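Asks: To be precise about what I am sending: the file is called work.txt and holds compact mmCIF, C-alpha atoms and all ligand atoms.
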# COMPACT_ATOMS: atom_id res chain seq x y z
CA MET Q 1033 47.70 -34.24 -41.11
CA THR Q 1034 45.34 -32.90 -43.65
CA ARG Q 1035 44.30 -29.28 -43.71
CA ARG Q 1036 40.88 -30.30 -42.47
CA THR Q 1037 42.06 -32.02 -39.26
CA HIS Q 1038 44.19 -28.95 -38.52
CA ARG Q 1039 41.08 -26.80 -38.57
CA ASP Q 1040 39.20 -29.31 -36.38
CA ALA Q 1041 42.03 -29.30 -33.84
CA ARG Q 1042 42.03 -25.51 -33.71
CA TRP Q 1043 38.29 -25.56 -32.99
CA LEU Q 1044 38.78 -28.13 -30.25
CA VAL Q 1045 41.42 -25.96 -28.56
CA ALA Q 1046 39.18 -22.90 -28.79
CA VAL Q 1047 36.22 -24.71 -27.25
CA LEU Q 1048 38.37 -26.14 -24.44
CA ALA Q 1049 39.84 -22.70 -23.71
CA LEU Q 1050 36.38 -21.15 -23.54
CA GLY Q 1051 35.25 -23.94 -21.22
CA LEU Q 1052 38.22 -23.30 -18.91
CA LEU Q 1053 37.46 -19.60 -18.91
CA LEU Q 1054 33.86 -20.17 -17.90
CA VAL Q 1055 34.82 -22.62 -15.17
CA GLY Q 1056 37.23 -19.96 -13.93
CA CYS Q 1057 34.27 -17.66 -13.25
CA GLY Q 1058 33.25 -19.91 -10.36
CA ARG Q 1059 30.51 -18.73 -8.01
CA ASN Q 1060 32.55 -16.03 -6.33
CA MET Q 1061 30.10 -13.31 -7.31
CA ALA Q 1062 27.25 -15.17 -5.63
CA GLU Q 1063 29.27 -16.05 -2.57
CA GLN Q 1064 31.06 -12.80 -1.89
CA PRO Q 1065 30.95 -11.60 1.73
CA LYS Q 1066 28.00 -9.28 2.35
CA VAL Q 1067 25.72 -8.19 5.17
CA GLY Q 1068 22.03 -9.10 4.93
CA THR Q 1069 19.21 -6.90 6.18
CA LEU Q 1070 19.53 -6.27 9.94
CA GLN Q 1071 22.43 -8.72 10.31
CA PRO Q 1072 25.20 -7.97 12.81
CA SER Q 1073 28.65 -7.05 11.51
CA PRO Q 1074 31.97 -6.92 13.40
CA PHE Q 1075 33.16 -4.38 10.81
CA PHE Q 1076 31.42 -1.41 12.44
CA ALA Q 1077 32.06 -0.26 16.01
CA ASP Q 1078 28.40 -0.59 17.03
CA GLY Q 1079 28.30 -4.21 15.81
CA SER Q 1080 25.34 -3.54 13.50
CA GLY Q 1081 25.40 -4.10 9.75
CA SER Q 1082 22.72 -1.44 9.22
CA ARG Q 1083 24.05 2.09 9.11
CA PRO Q 1084 22.19 5.00 10.72
CA LEU Q 1085 21.15 7.89 8.47
CA LEU Q 1086 23.69 10.67 8.30
CA GLU Q 1087 22.79 13.64 10.46
CA GLY Q 1088 20.79 16.20 8.49
CA THR Q 1089 19.49 13.64 5.98
CA VAL Q 1090 16.19 14.88 4.52
CA SER Q 1091 13.73 12.39 3.05
CA ARG Q 1092 12.93 13.17 -0.58
CA GLU Q 1093 9.54 11.52 -0.23
CA ARG Q 1094 6.70 13.97 0.20
CA GLY Q 1095 6.45 13.08 3.89
CA GLY Q 1096 9.89 14.53 4.47
CA ILE Q 1097 8.52 17.92 3.55
CA ASP Q 1098 5.00 17.52 4.93
CA PRO Q 1099 4.85 15.27 8.03
CA VAL Q 1100 1.04 15.55 8.29
CA PHE Q 1101 0.69 13.90 4.89
CA PHE Q 1102 2.89 11.06 6.06
CA THR Q 1103 1.68 10.53 9.65
CA GLY Q 1104 -1.86 11.92 9.81
CA GLN Q 1105 -0.81 13.99 12.83
CA ASP Q 1106 0.18 17.55 13.55
CA ALA Q 1107 1.19 19.17 16.83
CA GLY Q 1108 -2.43 18.93 18.01
CA GLY Q 1109 -2.73 15.17 17.38
CA LEU Q 1110 -4.64 13.32 14.65
CA VAL Q 1111 -5.80 15.69 11.95
CA THR Q 1112 -9.48 16.23 11.25
CA GLU Q 1113 -8.99 17.51 7.72
CA LEU Q 1114 -7.55 15.89 4.62
CA PRO Q 1115 -4.06 17.20 3.82
CA ILE Q 1116 -4.87 16.77 0.11
CA GLU Q 1117 -7.65 18.15 -2.04
CA LEU Q 1118 -10.98 16.34 -1.78
CA SER Q 1119 -12.50 15.49 -5.15
CA TYR Q 1120 -14.94 13.04 -6.65
CA GLU Q 1121 -11.98 11.25 -8.29
CA LEU Q 1122 -10.26 10.90 -4.92
CA LEU Q 1123 -13.36 9.25 -3.43
CA LEU Q 1124 -13.65 6.89 -6.41
CA ARG Q 1125 -10.00 5.95 -6.00
CA GLY Q 1126 -10.60 5.44 -2.27
CA GLN Q 1127 -13.61 3.24 -2.97
CA GLU Q 1128 -11.62 1.09 -5.39
CA ARG Q 1129 -8.70 0.74 -2.93
CA TYR Q 1130 -11.06 0.09 0.02
CA ASP Q 1131 -12.82 -2.65 -1.92
CA ILE Q 1132 -9.44 -4.24 -2.70
CA PHE Q 1133 -7.66 -3.88 0.66
CA CYS Q 1134 -10.31 -3.52 3.39
CA ALA Q 1135 -13.72 -4.84 2.37
CA MET Q 1136 -12.82 -8.52 2.80
CA CYS Q 1137 -12.71 -7.88 6.55
CA HIS Q 1138 -14.51 -4.59 7.19
CA GLY Q 1139 -17.31 -5.32 4.70
CA TYR Q 1140 -18.46 -3.19 1.75
CA THR Q 1141 -20.57 -1.03 4.09
CA GLY Q 1142 -18.00 -0.91 6.92
CA GLU Q 1143 -20.09 -3.12 9.21
CA GLY Q 1144 -17.14 -5.44 9.93
CA ASP Q 1145 -18.82 -8.41 8.27
CA GLY Q 1146 -16.44 -9.11 5.39
CA MET Q 1147 -15.89 -12.61 4.02
CA ILE Q 1148 -12.70 -13.26 6.01
CA VAL Q 1149 -14.54 -12.38 9.22
CA ARG Q 1150 -17.41 -14.66 8.22
CA ARG Q 1151 -14.80 -17.40 7.83
CA GLY Q 1152 -13.56 -16.89 11.41
CA PHE Q 1153 -11.14 -13.91 11.50
CA PRO Q 1154 -11.68 -11.67 14.58
CA GLN Q 1155 -14.45 -9.17 13.87
CA PRO Q 1156 -13.47 -5.49 13.83
CA ALA Q 1157 -15.83 -2.85 15.23
CA SER Q 1158 -18.40 -1.45 12.80
CA PHE Q 1159 -17.34 1.85 11.20
CA ASN Q 1160 -20.95 2.90 11.78
CA GLU Q 1161 -20.83 2.81 15.56
CA PRO Q 1162 -20.76 6.26 17.31
CA ARG Q 1163 -17.11 6.10 18.42
CA LEU Q 1164 -15.94 5.44 14.87
CA LEU Q 1165 -18.42 7.85 13.27
CA ASP Q 1166 -16.79 10.54 15.43
CA ALA Q 1167 -13.25 9.39 14.63
CA SER Q 1168 -11.33 11.83 12.44
CA VAL Q 1169 -10.01 11.18 8.96
CA GLY Q 1170 -6.53 11.19 10.55
CA TYR Q 1171 -7.61 8.31 12.81
CA TYR Q 1172 -8.32 6.12 9.78
CA PHE Q 1173 -5.09 7.15 8.11
CA SER Q 1174 -3.18 6.36 11.28
CA ALA Q 1175 -4.82 2.94 11.76
CA MET Q 1176 -3.80 1.96 8.21
CA THR Q 1177 -0.31 3.41 8.62
CA ASN Q 1178 0.56 1.92 12.01
CA GLY Q 1179 -1.76 -1.08 12.13
CA PHE Q 1180 -4.33 -1.51 14.89
CA GLY Q 1181 -4.31 -4.40 17.37
CA ARG Q 1182 -4.58 -7.59 15.35
CA MET Q 1183 -4.70 -5.67 12.08
CA TYR Q 1184 -1.28 -5.28 10.51
CA SER Q 1185 0.10 -2.05 9.06
CA TYR Q 1186 -0.64 -1.16 5.45
CA ALA Q 1187 2.20 1.35 5.21
CA SER Q 1188 4.30 -0.89 2.96
CA ARG Q 1189 1.37 -1.96 0.79
CA ILE Q 1190 -0.64 1.20 0.23
CA PRO Q 1191 1.15 4.47 -0.62
CA PRO Q 1192 0.18 7.47 1.55
CA GLU Q 1193 -1.93 9.22 -1.12
CA ASP Q 1194 -4.05 6.08 -1.46
CA ARG Q 1195 -4.32 5.75 2.33
CA TRP Q 1196 -5.76 9.27 2.37
CA ALA Q 1197 -8.12 8.37 -0.47
CA ILE Q 1198 -9.34 5.35 1.53
CA ALA Q 1199 -9.70 7.40 4.73
CA ALA Q 1200 -11.77 10.00 2.83
CA TYR Q 1201 -13.88 7.24 1.30
CA VAL Q 1202 -14.54 5.65 4.72
CA LYS Q 1203 -15.84 9.02 5.99
CA ALA Q 1204 -18.10 9.24 2.91
CA LEU Q 1205 -19.19 5.63 3.40
CA GLN Q 1206 -20.18 6.43 6.98
CA LEU Q 1207 -22.22 9.40 5.79
CA SER Q 1208 -23.95 7.21 3.21
CA GLN Q 1209 -24.85 4.60 5.83
CA ASN Q 1210 -26.42 7.16 8.11
CA ALA Q 1211 -28.02 9.47 5.56
CA SER Q 1212 -31.63 10.21 4.78
CA ILE Q 1213 -33.02 11.37 1.45
CA ASP Q 1214 -32.99 14.93 2.89
CA ASP Q 1215 -29.18 14.84 2.86
CA VAL Q 1216 -29.19 14.43 -0.92
CA PRO Q 1217 -28.94 17.71 -2.87
CA ALA Q 1218 -32.19 18.46 -4.72
CA GLU Q 1219 -30.60 18.30 -8.17
CA VAL Q 1220 -29.38 14.73 -7.62
CA ARG Q 1221 -32.44 13.53 -5.72
CA ARG Q 1222 -34.53 13.26 -8.85
CA ALA Q 1223 -31.92 11.04 -10.49
CA LEU Q 1224 -31.84 8.79 -7.43
CA GLU Q 1225 -35.63 8.56 -7.35
CA LEU Q 1226 -35.56 7.51 -10.99
CA GLY Q 1227 -33.09 4.80 -10.05
CA ASP Q 1228 -30.32 6.41 -12.09
CA SER Q 1229 -27.50 6.37 -9.58
CA GLU Q 1230 -24.70 6.71 -12.16
CA GLY Q 1231 -25.55 8.85 -15.14
CA SER Q 1232 -26.90 12.07 -13.64
CA LEU Q 1233 -24.64 12.50 -10.63
CA PRO Q 1234 -22.48 15.62 -10.87
CA ARG Q 1235 -18.81 14.83 -11.25
C1 LIG S 1 -7.56 -9.24 7.50
C2 LIG S 1 -8.69 -8.46 7.95
C3 LIG S 1 -8.57 -6.95 7.90
C4 LIG S 1 -8.27 -6.17 6.80
C5 LIG S 1 -7.97 -6.63 5.39
C6 LIG S 1 -8.34 -4.80 7.26
N1 LIG S 1 -8.66 -4.76 8.58
FE1 LIG S 1 -8.89 -3.08 9.70
N2 LIG S 1 -9.17 -4.22 11.35
C7 LIG S 1 -9.28 -5.61 11.35
C8 LIG S 1 -9.50 -6.07 12.73
C9 LIG S 1 -9.69 -7.52 13.17
C10 LIG S 1 -9.49 -4.91 13.53
C11 LIG S 1 -9.63 -4.85 15.05
C12 LIG S 1 -8.28 -5.22 15.61
C13 LIG S 1 -8.24 -5.31 17.10
O1 LIG S 1 -9.09 -4.70 17.77
O2 LIG S 1 -7.32 -5.99 17.60
C14 LIG S 1 -9.30 -3.77 12.63
C15 LIG S 1 -9.27 -2.45 13.04
C16 LIG S 1 -9.32 -1.37 12.19
C17 LIG S 1 -9.51 0.00 12.60
C18 LIG S 1 -9.67 0.49 14.03
C19 LIG S 1 -11.13 0.33 14.42
C20 LIG S 1 -11.39 0.68 15.88
O3 LIG S 1 -12.05 -0.13 16.56
O4 LIG S 1 -10.96 1.77 16.33
C21 LIG S 1 -9.54 0.76 11.47
C22 LIG S 1 -9.75 2.26 11.40
C23 LIG S 1 -9.34 -0.13 10.36
N3 LIG S 1 -9.21 -1.41 10.82
C24 LIG S 1 -9.30 0.26 9.04
C25 LIG S 1 -8.96 -0.60 7.99
C26 LIG S 1 -8.76 -0.16 6.64
C27 LIG S 1 -8.97 1.25 6.15
C28 LIG S 1 -8.39 -1.27 5.91
C29 LIG S 1 -7.98 -1.33 4.45
C30 LIG S 1 -6.80 -0.56 4.11
C31 LIG S 1 -8.38 -2.39 6.81
N4 LIG S 1 -8.72 -1.94 8.06
C32 LIG S 1 -8.11 -3.69 6.44
C33 LIG S 1 -9.18 -6.44 10.27
C34 LIG S 1 -8.82 -6.04 9.00
Please render this file's structure as structure tokens.
Ligand code: HEC
Replies:
Amino acid sequence: MTRRTHRDARWLVAVLALGLLLVGCGRNMAEQPKVGTLQPSPFFADGSGSRPLLEGTVSRERGGIDPVFFTGQDAGGLVTELPIELSYELLLRGQERYDIFCAMCHGYTGEGDGMIVRRGFPQPASFNEPRLLDASVGYYFSAMTNGFGRMYSYASRIPPEDRWAIAAYVKALQLSQNASIDDVPAEVRRALELGDSEGSLPR
């Protein structure tokens, strides 16, 4: 054998060994025994694969510290006041989120005439009817959090601070739909009359 074929043979052995090693990996990692979400398991005495929280576990989410923020309710029922600070930015955020998550059914003015409804989805009540005008900000938060009849819950899609922003925006939207020019503060009225609805509004 020449020196060259020796080197080739060594390469061949190395490649074969590597191949064997890789084959040895198999699919054991992918196929190891495990319990899927909510599957039963004979391993635990209660037959459930899901384990209950340990006693005394405290949620580190904000709701663990402030249940009103998380549920929209206190001991007296649904809250009538926002548990976070109301600001112009919060309403803008609420408007943006409402337009993304709610307007396709509830409509941009809350009338319940969004595009999905016009295409045949059951029509929700108008936010501008007396019962819903009187409904508290906590009511809107709760409907989003828990779902309402045929409307599914938004708890997993919209974080609580955004649900509050939307609830606050819906209350503002209701005001806007039932307002007269007398409700507009004098300093902003002039801007509105001039058709300048953006530039001169106080922030
Ligand atoms: C896919 C369409 C759809 C979307 C999107 C939707 N809703 Fe609804 N919503 C409905 C329908 C339909 C009902 C009435 C359900 C029923 O009565 O069974 C409803 C009911 C409600 C109610 C209760 C009204 C009442 O009569 O007391 C509130 C409040 C509400 N929705 C708020 C929201 C908010 C806020 C959003 C956005 C985060 C949203 N919804 C997104 C369809 C929708």
Asks: Which residues of range 1139-1194 of chain Q come within 12 Å of range 1210-1215 of chain Q, and for each one, what is the closest pair of atoms and their distance in Å to one decimal, counting all atoms listed in the file, sorted by chain and residue number, as a tab-separated table?
Replies:
residue	atom	partner	partner_atom	distance
Q:Thr1141	CA	Q:Asn1210	CA	10.8
Q:Gly1142	CA	Q:Asn1210	CA	11.7
Q:Phe1159	CA	Q:Asn1210	CA	11.0
Q:Asn1160	CA	Q:Asn1210	CA	7.8
Q:Glu1161	CA	Q:Asn1210	CA	10.3
Q:Pro1162	CA	Q:Asn1210	CA	10.8
Q:Leu1165	CA	Q:Asn1210	CA	9.5
Asks: Listing only residues of chain Q within 9 Å of ligand LIG 1 (chain S), what is the closest atom pair and its distance in Å (to one decimal) for each, using all atoms listed in the file, sorted by chain and residue number ascending, as JSON lines?
Replies:
{"residue": "Q:Arg1129", "atom": "CA", "partner": "S:LIG1", "partner_atom": "C30", "distance": 7.4}
{"residue": "Q:Tyr1130", "atom": "CA", "partner": "S:LIG1", "partner_atom": "C29", "distance": 5.6}
{"residue": "Q:Asp1131", "atom": "CA", "partner": "S:LIG1", "partner_atom": "C29", "distance": 8.1}
{"residue": "Q:Ile1132", "atom": "CA", "partner": "S:LIG1", "partner_atom": "C29", "distance": 7.9}
{"residue": "Q:Phe1133", "atom": "CA", "partner": "S:LIG1", "partner_atom": "C29", "distance": 4.6}
{"residue": "Q:Cys1134", "atom": "CA", "partner": "S:LIG1", "partner_atom": "C29", "distance": 3.4}
{"residue": "Q:Ala1135", "atom": "CA", "partner": "S:LIG1", "partner_atom": "C5", "distance": 6.7}
{"residue": "Q:Met1136", "atom": "CA", "partner": "S:LIG1", "partner_atom": "C5", "distance": 5.8}
{"residue": "Q:Cys1137", "atom": "CA", "partner": "S:LIG1", "partner_atom": "C2", "distance": 4.3}
{"residue": "Q:His1138", "atom": "CA", "partner": "S:LIG1", "partner_atom": "N1", "distance": 6.0}
{"residue": "Q:Gly1144", "atom": "CA", "partner": "S:LIG1", "partner_atom": "C7", "distance": 8.0}
{"residue": "Q:Gly1146", "atom": "CA", "partner": "S:LIG1", "partner_atom": "C2", "distance": 8.2}
{"residue": "Q:Ile1148", "atom": "CA", "partner": "S:LIG1", "partner_atom": "C2", "distance": 6.5}
{"residue": "Q:Val1149", "atom": "CA", "partner": "S:LIG1", "partner_atom": "C2", "distance": 7.2}
{"residue": "Q:Phe1153", "atom": "CA", "partner": "S:LIG1", "partner_atom": "C9", "distance": 6.8}
{"residue": "Q:Pro1154", "atom": "CA", "partner": "S:LIG1", "partner_atom": "C9", "distance": 4.8}
{"residue": "Q:Gln1155", "atom": "CA", "partner": "S:LIG1", "partner_atom": "C9", "distance": 5.1}
{"residue": "Q:Pro1156", "atom": "CA", "partner": "S:LIG1", "partner_atom": "C10", "distance": 4.0}
{"residue": "Q:Ala1157", "atom": "CA", "partner": "S:LIG1", "partner_atom": "O3", "distance": 4.8}
{"residue": "Q:Ser1158", "atom": "CA", "partner": "S:LIG1", "partner_atom": "O3", "distance": 7.5}
{"residue": "Q:Phe1159", "atom": "CA", "partner": "S:LIG1", "partner_atom": "C19", "distance": 7.2}
{"residue": "Q:Arg1163", "atom": "CA", "partner": "S:LIG1", "partner_atom": "O4", "distance": 7.8}
{"residue": "Q:Leu1164", "atom": "CA", "partner": "S:LIG1", "partner_atom": "O4", "distance": 6.4}
{"residue": "Q:Ala1167", "atom": "CA", "partner": "S:LIG1", "partner_atom": "O4", "distance": 8.1}
{"residue": "Q:Tyr1171", "atom": "CA", "partner": "S:LIG1", "partner_atom": "C22", "distance": 6.6}
{"residue": "Q:Tyr1172", "atom": "CA", "partner": "S:LIG1", "partner_atom": "C22", "distance": 4.4}
{"residue": "Q:Phe1173", "atom": "CA", "partner": "S:LIG1", "partner_atom": "C27", "distance": 7.3}
{"residue": "Q:Ser1174", "atom": "CA", "partner": "S:LIG1", "partner_atom": "C22", "distance": 7.7}
{"residue": "Q:Ala1175", "atom": "CA", "partner": "S:LIG1", "partner_atom": "C22", "distance": 5.0}
{"residue": "Q:Met1176", "atom": "CA", "partner": "S:LIG1", "partner_atom": "C27", "distance": 5.6}
{"residue": "Q:Thr1177", "atom": "CA", "partner": "S:LIG1", "partner_atom": "C30", "distance": 8.8}
{"residue": "Q:Gly1179", "atom": "CA", "partner": "S:LIG1", "partner_atom": "C16", "distance": 7.6}
{"residue": "Q:Phe1180", "atom": "CA", "partner": "S:LIG1", "partner_atom": "C15", "distance": 5.4}
{"residue": "Q:Gly1181", "atom": "CA", "partner": "S:LIG1", "partner_atom": "O2", "distance": 3.4}
{"residue": "Q:Arg1182", "atom": "CA", "partner": "S:LIG1", "partner_atom": "O2", "distance": 3.9}
{"residue": "Q:Met1183", "atom": "CA", "partner": "S:LIG1", "partner_atom": "C7", "distance": 4.6}
{"residue": "Q:Tyr1184", "atom": "CA", "partner": "S:LIG1", "partner_atom": "N1", "distance": 7.6}
{"residue": "Q:Ser1185", "atom": "CA", "partner": "S:LIG1", "partner_atom": "C30", "distance": 8.6}
{"residue": "Q:Tyr1186", "atom": "CA", "partner": "S:LIG1", "partner_atom": "C30", "distance": 6.3}
{"residue": "Q:Arg1189", "atom": "CA", "partner": "S:LIG1", "partner_atom": "C30", "distance": 8.9}
{"residue": "Q:Ile1190", "atom": "CA", "partner": "S:LIG1", "partner_atom": "C30", "distance": 7.5}
{"residue": "Q:Arg1195", "atom": "CA", "partner": "S:LIG1", "partner_atom": "C30", "distance": 7.0}
{"residue": "Q:Ile1198", "atom": "CA", "partner": "S:LIG1", "partner_atom": "C27", "distance": 6.2}
{"residue": "Q:Ala1199", "atom": "CA", "partner": "S:LIG1", "partner_atom": "C27", "distance": 6.4}
{"residue": "Q:Val1202", "atom": "CA", "partner": "S:LIG1", "partner_atom": "C27", "distance": 7.2}
Asks: Write the selection just made, keeping C-alpha atoms, as a short mmCIF file (atom, residue, chain, number, x, y, z; two decimals), in the frame of the given file?
Replies:
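Below you can see result_22.cif, which holds the result:
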data_model
loop_
_atom_site.label_atom_id
_atom_site.label_comp_id
_atom_site.auth_asym_id
_atom_site.auth_seq_id
_atom_site.Cartn_x
_atom_site.Cartn_y
_atom_site.Cartn_z
CA ARG Q 1129 -8.70 0.74 -2.93
CA TYR Q 1130 -11.06 0.09 0.02
CA ASP Q 1131 -12.82 -2.65 -1.92
CA ILE Q 1132 -9.44 -4.24 -2.70
CA PHE Q 1133 -7.66 -3.88 0.66
CA CYS Q 1134 -10.31 -3.52 3.39
CA ALA Q 1135 -13.72 -4.84 2.37
CA MET Q 1136 -12.82 -8.52 2.80
CA CYS Q 1137 -12.71 -7.88 6.55
CA HIS Q 1138 -14.51 -4.59 7.19
CA GLY Q 1144 -17.14 -5.44 9.93
CA GLY Q 1146 -16.44 -9.11 5.39
CA ILE Q 1148 -12.70 -13.26 6.01
CA VAL Q 1149 -14.54 -12.38 9.22
CA PHE Q 1153 -11.14 -13.91 11.50
CA PRO Q 1154 -11.68 -11.67 14.58
CA GLN Q 1155 -14.45 -9.17 13.87
CA PRO Q 1156 -13.47 -5.49 13.83
CA ALA Q 1157 -15.83 -2.85 15.23
CA SER Q 1158 -18.40 -1.45 12.80
CA PHE Q 1159 -17.34 1.85 11.20
CA ARG Q 1163 -17.11 6.10 18.42
CA LEU Q 1164 -15.94 5.44 14.87
CA ALA Q 1167 -13.25 9.39 14.63
CA TYR Q 1171 -7.61 8.31 12.81
CA TYR Q 1172 -8.32 6.12 9.78
CA PHE Q 1173 -5.09 7.15 8.11
CA SER Q 1174 -3.18 6.36 11.28
CA ALA Q 1175 -4.82 2.94 11.76
CA MET Q 1176 -3.80 1.96 8.21
CA THR Q 1177 -0.31 3.41 8.62
CA GLY Q 1179 -1.76 -1.08 12.13
CA PHE Q 1180 -4.33 -1.51 14.89
CA GLY Q 1181 -4.31 -4.40 17.37
CA ARG Q 1182 -4.58 -7.59 15.35
CA MET Q 1183 -4.70 -5.67 12.08
CA TYR Q 1184 -1.28 -5.28 10.51
CA SER Q 1185 0.10 -2.05 9.06
CA TYR Q 1186 -0.64 -1.16 5.45
CA ARG Q 1189 1.37 -1.96 0.79
CA ILE Q 1190 -0.64 1.20 0.23
CA ARG Q 1195 -4.32 5.75 2.33
CA ILE Q 1198 -9.34 5.35 1.53
CA ALA Q 1199 -9.70 7.40 4.73
CA VAL Q 1202 -14.54 5.65 4.72
#
Asks: What is the CA of Lys1203 in chain Q to CA of Val1169 in chain Q distance in Å?
Replies: 6.9 Å
Asks: In Å, with one decimal, what is the gap from CA of Glu1128 in chain Q to CA of Pro1192 in chain Q?
Replies: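 Going from CA of Glu1128 in chain Q over to CA of Pro1192 in chain Q covers 15.1 Å.
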Asks: Figure out the distance between CA of Ala1200 in chain Q and CA of Leu1118 in chain Q, please, to one decimal in Å.
Replies: 7.9 Å
Asks: Set the distance at 12 Å and use all atoms listed in the file: which residues neighbour Val1216 in chain Q once local chain neighbours fewer than 5 positions away are removed? I'd like the list as number ranges by chain.
Replies: Q: 1207-1208, 1210-1211, 1221-1225, 1229, 1233
Asks: Using all atoms listed in the file, which residues sit within 8 Å of range 1079-1092 of chain Q once same-chain residues fewer than 4 positions away are excluded, as a count of residues only?
Replies: 11
Asks: From the options Q:Val1100, Q:Ala1187, Q:Asp1145, Q:Ala1218, which residue's atoms come nearest to Thr1112 in chain Q, counting all atoms listed in the file?
Replies: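 Distance minimum relative to Thr1112 in chain Q lands on Q:Val1100.
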Asks: For a quick check of understanding, using only C-alpha atoms, which of Q:Thr1103, Q:Asn1060, Q:Gln1127, Q:Ser1119 has the smallest distance to Tyr1201 in chain Q?
Replies: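 With only C-alpha atoms as the atom set, the closest residue is Q:Gln1127.
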Asks: Will you model all heavy atoms for range 1104-1110 of chain Q and pass it back as a PDB file, keeping the file's coordinate frame?
Replies:
ATOM      1  N   GLY Q1104      -0.467  11.670   9.416  1.00  0.00           N
ATOM      2  CA  GLY Q1104      -1.860  11.920   9.810  1.00  0.00           C
ATOM      3  C   GLY Q1104      -1.946  12.736  11.085  1.00  0.00           C
ATOM      4  O   GLY Q1104      -3.028  12.894  11.644  1.00  0.00           O
ATOM      5  N   GLN Q1105      -0.805  13.231  11.568  1.00  0.00           N
ATOM      6  CA  GLN Q1105      -0.810  13.990  12.830  1.00  0.00           C
ATOM      7  C   GLN Q1105      -0.111  15.321  12.661  1.00  0.00           C
ATOM      8  O   GLN Q1105       0.845  15.428  11.899  1.00  0.00           O
ATOM      9  CB  GLN Q1105      -0.041  13.209  13.895  1.00  0.00           C
ATOM     10  CG  GLN Q1105      -0.680  11.886  14.212  1.00  0.00           C
ATOM     11  CD  GLN Q1105      -0.044  11.240  15.438  1.00  0.00           C
ATOM     12  OE1 GLN Q1105       0.296  11.923  16.380  1.00  0.00           O
ATOM     13  NE2 GLN Q1105       0.104   9.939  15.395  1.00  0.00           N
ATOM     14  N   ASP Q1106      -0.592  16.320  13.398  1.00  0.00           N
ATOM     15  CA  ASP Q1106       0.180  17.550  13.550  1.00  0.00           C
ATOM     16  C   ASP Q1106       0.407  17.755  15.042  1.00  0.00           C
ATOM     17  O   ASP Q1106       0.149  16.843  15.832  1.00  0.00           O
ATOM     18  CB  ASP Q1106      -0.523  18.743  12.870  1.00  0.00           C
ATOM     19  CG  ASP Q1106      -1.903  19.006  13.459  1.00  0.00           C
ATOM     20  OD1 ASP Q1106      -2.196  18.475  14.558  1.00  0.00           O
ATOM     21  OD2 ASP Q1106      -2.693  19.727  12.830  1.00  0.00           O
ATOM     22  N   ALA Q1107       0.851  18.948  15.428  1.00  0.00           N
ATOM     23  CA  ALA Q1107       1.190  19.170  16.830  1.00  0.00           C
ATOM     24  C   ALA Q1107      -0.012  18.916  17.741  1.00  0.00           C
ATOM     25  O   ALA Q1107       0.134  18.531  18.900  1.00  0.00           O
ATOM     26  CB  ALA Q1107       1.722  20.585  17.014  1.00  0.00           C
ATOM     27  N   GLY Q1108      -1.223  19.104  17.199  1.00  0.00           N
ATOM     28  CA  GLY Q1108      -2.430  18.930  18.010  1.00  0.00           C
ATOM     29  C   GLY Q1108      -2.962  17.498  18.023  1.00  0.00           C
ATOM     30  O   GLY Q1108      -4.031  17.245  18.558  1.00  0.00           O
ATOM     31  N   GLY Q1109      -2.262  16.562  17.418  1.00  0.00           N
ATOM     32  CA  GLY Q1109      -2.730  15.170  17.380  1.00  0.00           C
ATOM     33  C   GLY Q1109      -3.239  14.803  15.997  1.00  0.00           C
ATOM     34  O   GLY Q1109      -2.843  15.410  14.992  1.00  0.00           O
ATOM     35  N   LEU Q1110      -4.138  13.802  15.942  1.00  0.00           N
ATOM     36  CA  LEU Q1110      -4.640  13.320  14.650  1.00  0.00           C
ATOM     37  C   LEU Q1110      -5.421  14.413  13.940  1.00  0.00           C
ATOM     38  O   LEU Q1110      -6.257  15.072  14.558  1.00  0.00           O
ATOM     39  CB  LEU Q1110      -5.547  12.101  14.883  1.00  0.00           C
ATOM     40  CG  LEU Q1110      -4.828  10.867  15.430  1.00  0.00           C
ATOM     41  CD1 LEU Q1110      -5.821   9.810  15.879  1.00  0.00           C
ATOM     42  CD2 LEU Q1110      -3.863  10.308  14.394  1.00  0.00           C
TER      43      LEU Q1110
END
